[in-house]
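K.L.:
One structure follows; several queries about it will come next.
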Amino acid sequence: EAGVVQSPRYKIIEKKQPVAFWCNPISGHNTLYWYRQNLGQGPELLIRYENEEAVDDSQLPKDRFSAERLKGVDSTLKIQPAELGDSAVYLCASSPRSNEQFFGPGTRLTVL
Amino acid sequence: DAKTTQPTSMDCAEGRAANLPCNHSTISGNEYVYWYRQIHSQGPQYIIHGLKNNETNEMASLIITEDRKSSTLILPHATLRDTAVYYCIVRVGGTDKLIFGTGTRLQVFP
C-alpha cells in the first residue's frame, strides 16, 4: 500500500516569493493534516480536513498561508509571500478515522 | 491539554531493551497516551497507544502506571535502526489532535 506522498521533497526560494506544497493521502483516508516542523521541535498542526472541509485551521497564519482540498483527496498548502521564518519542514498526514495518523516524508522549505 | 515531560536524550546498546519514560501528571480520564517516533529526514511514525492497560504490539510495549501519571515505552531489543526521536503525546480528549513536544532523542550504539 502506498503511503502519503508529498512533493517536492525540497524547495529553496527567496523571501517574498510564493511556494506551494502538494500532498496525496493514503487512499480512503478522509482526514488530512498539514503540520509545520521547525528545527529541533516537534510538528505543529496547521490545518485539519475532514474530506474537503477544513474543520480546524486555528493555527494557520491566514495572512499568508492558504490550503485547499477541493475534491476531498489530495491537498495543496500555499505560502504567499514567504518569509525567512517560514523555513521549516512541512508535513502532511492522513488517517482513516480519529486514530493513527500516517505521515508523509515532508517538504523541507528553505527561504533565503 | 495535558502536557508531557520526556528526557531530552538517551543512549542504548544494540540488543538491549530501551526504556523511554514519559510523565503526564495532568492527564484526564478520557485521554490516551500515544507514542510516535521520527527517524532522521522522515515523517513521524506511529508506534503504539493506550488508555489504562499495558499494550504490546510488534514494535514495542507500553506500560502505563496505575495512576496514569506516567508511562514507559519499551523497545525490547533495540537495533541501530531504532535511533530516532521518540514523542510521547497525550491525545486531546474527544478529538484526534496530537500535540507534539520535543521528544527524546534515542541513540542506539553498537
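In the C-alpha cells, the first chain shown is A, the next is B, and so on; residue numbers restart at 1 for each chain, and ligands run from 1 in the order shown.
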At a cut-off of 8 Å, list the chain A residues touching chain B, using only C-alpha atoms, as a ChimeraX atom specification.
P.N.:
/A:40-45,91,98-106
K.L.:
Using the selection just defined, write its residues with C-alpha atoms as an mmCIF file, in the first residue's frame.
P.N.:
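Output file again-v9.cif follows:
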```cif
data_model
loop_
_atom_site.group_PDB
_atom_site.id
_atom_site.type_symbol
_atom_site.label_atom_id
_atom_site.label_comp_id
_atom_site.auth_asym_id
_atom_site.auth_seq_id
_atom_site.Cartn_x
_atom_site.Cartn_y
_atom_site.Cartn_z
ATOM 1 C CA GLY A 40 14.672 20.749 16.801
ATOM 2 C CA GLN A 41 10.962 20.928 17.542
ATOM 3 C CA GLY A 42 8.032 18.574 17.214
ATOM 4 C CA PRO A 43 5.451 19.030 14.448
ATOM 5 C CA GLU A 44 2.764 21.673 14.967
ATOM 6 C CA LEU A 45 -0.670 21.329 13.398
ATOM 7 C CA LEU A 91 4.457 17.514 6.852
ATOM 8 C CA SER A 98 -9.621 9.693 14.524
ATOM 9 C CA ASN A 99 -6.843 7.263 15.371
ATOM 10 C CA GLU A 100 -3.418 6.575 13.970
ATOM 11 C CA GLN A 101 -2.039 9.281 11.707
ATOM 12 C CA PHE A 102 0.197 8.326 8.802
ATOM 13 C CA PHE A 103 2.791 10.914 7.880
ATOM 14 C CA GLY A 104 4.468 11.662 4.614
ATOM 15 C CA PRO A 105 8.213 12.380 4.320
ATOM 16 C CA GLY A 106 7.682 16.129 4.347
#
```
K.L.:
Excluding B:Asn54 and any residue of its chain fewer than 6 positions from it, enumerate the residues within 6 Å of it, using only C-alpha atoms, and give them as a compact mmCIF listing (two decimals) with N, CA, C and O atoms, in the first residue's frame.
P.N.:
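Wrote result.txt, looks like this:
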```txt
# COMPACT_ATOMS: atom_id res chain seq x y z
N LEU B 62 3.95 -0.79 25.86
CA LEU B 62 3.64 0.45 26.58
C LEU B 62 3.15 0.08 27.97
O LEU B 62 2.17 -0.65 28.10
N ILE B 63 3.86 0.60 28.96
CA ILE B 63 3.50 0.35 30.35
C ILE B 63 2.99 1.66 30.93
O ILE B 63 3.70 2.67 30.94
N ILE B 64 1.74 1.65 31.40
CA ILE B 64 1.13 2.84 31.98
C ILE B 64 0.92 2.58 33.47
O ILE B 64 0.36 1.55 33.85
```
K.L.:
Atom CA of A:Cys92 to atom CA of A:Ser66: how many Å, to one decimal?
P.N.:
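Distance reported for this atom pair: 14.3 Å.
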K.L.:
Would you mind telling me which residue in A:Val89, A:Ile12, A:Cys23, A:Val4 lies nearest to A:Tyr35 when using only C-alpha atoms?
P.N.:
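The closest residue to A:Tyr35 is A:Val89.
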K.L.:
For B:Ile74, list every protein, DNA or RNA residue within 12 Å, evaluated using only C-alpha atoms, and leave out those in the same chain fewer than 5 positions away; present the list as a PyMOL selection string.
P.N.:
chain B and resi 12+16-22+35+47-48+54-64+82+86+106
K.L.:
Save out the residues we just selected, C-alpha atoms, as a JSON list (two decimals), in the first residue's frame.
P.N.:
```
[["chain", "number", "residue", "atom", "x", "y", "z"],
["B", 12, "CYS", "CA", 21.03, 2.33, 24.49],
["B", 16, "ARG", "CA", 19.40, -4.31, 24.88],
["B", 17, "ALA", "CA", 15.99, -3.06, 25.94],
["B", 18, "ALA", "CA", 15.37, 0.65, 25.55],
["B", 19, "ASN", "CA", 13.06, 2.07, 28.21],
["B", 20, "LEU", "CA", 11.79, 5.56, 27.40],
["B", 21, "PRO", "CA", 9.93, 7.32, 30.22],
["B", 22, "CYS", "CA", 7.22, 9.93, 29.96],
["B", 35, "TRP", "CA", 3.91, 7.24, 21.08],
["B", 47, "ILE", "CA", 4.26, 3.15, 17.43],
["B", 48, "ILE", "CA", 1.60, 2.37, 20.00],
["B", 54, "ASN", "CA", -0.45, -2.12, 29.23],
["B", 55, "GLU", "CA", -0.23, -2.64, 25.49],
["B", 56, "THR", "CA", 2.10, -4.62, 23.25],
["B", 57, "ASN", "CA", 2.49, -4.84, 19.51],
["B", 58, "GLU", "CA", 5.18, -5.95, 17.10],
["B", 59, "MET", "CA", 7.17, -2.78, 17.61],
["B", 60, "ALA", "CA", 7.04, -2.07, 21.33],
["B", 61, "SER", "CA", 5.34, -2.36, 24.69],
["B", 62, "LEU", "CA", 3.64, 0.45, 26.58],
["B", 63, "ILE", "CA", 3.50, 0.35, 30.35],
["B", 64, "ILE", "CA", 1.13, 2.84, 31.98],
["B", 82, "ASP", "CA", 15.66, 2.41, 16.25],
["B", 86, "TYR", "CA", 10.52, 9.45, 20.28],
["B", 106, "LEU", "CA", 17.35, 7.86, 21.41]]
```
K.L.:
To one decimal in Å, tell me the separation between atom CA of B:Thr4 and atom CA of B:His24.
P.N.:
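Separation between atom CA of B:Thr4 and atom CA of B:His24: 4.7 Å.
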K.L.:
Out of B:Val33, B:Ile39, B:Thr72, B:Glu66, which residue has the shortest atom-to-atom distance to B:Ile89 when counting only C-alpha atoms?
P.N.:
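Checking each candidate against B:Ile89, we get B:Val33 as the closest.
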K.L.:
Need to verify the contact set: A:Glu14, 12 Å, only C-alpha atoms, exclusion of same-chain residues closer than 6 positions in sequence. Can you return it as an mmCIF file with C-alpha atoms, in the first residue's frame?
P.N.:
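Ended up saving to part_4.cif:
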```cif
data_model
loop_
_atom_site.group_PDB
_atom_site.id
_atom_site.type_symbol
_atom_site.label_atom_id
_atom_site.label_comp_id
_atom_site.auth_asym_id
_atom_site.auth_seq_id
_atom_site.Cartn_x
_atom_site.Cartn_y
_atom_site.Cartn_z
ATOM 1 C CA GLN A 80 2.448 33.838 -0.374
ATOM 2 C CA PRO A 81 4.664 35.695 0.203
ATOM 3 C CA ALA A 82 7.213 33.558 2.010
ATOM 4 C CA GLU A 83 9.241 34.992 4.881
ATOM 5 C CA LEU A 84 12.565 33.905 6.329
ATOM 6 C CA GLY A 85 10.796 32.456 9.372
ATOM 7 C CA ASP A 86 8.811 30.077 7.180
ATOM 8 C CA SER A 87 11.869 27.881 6.690
ATOM 9 C CA LEU A 109 11.497 24.605 2.708
ATOM 10 C CA THR A 110 14.418 26.998 2.833
ATOM 11 C CA VAL A 111 13.680 30.697 2.437
ATOM 12 C CA LEU A 112 16.705 32.836 1.605
#
```
K.L.:
Skipping near chain neighbours, those fewer than 2 positions away, what residues fall within 7 Å of A:Tyr33 using only C-alpha atoms, listed as an NGL selection string?
P.N.:
:A and (31 or 35 or 47-49 or 92-94)
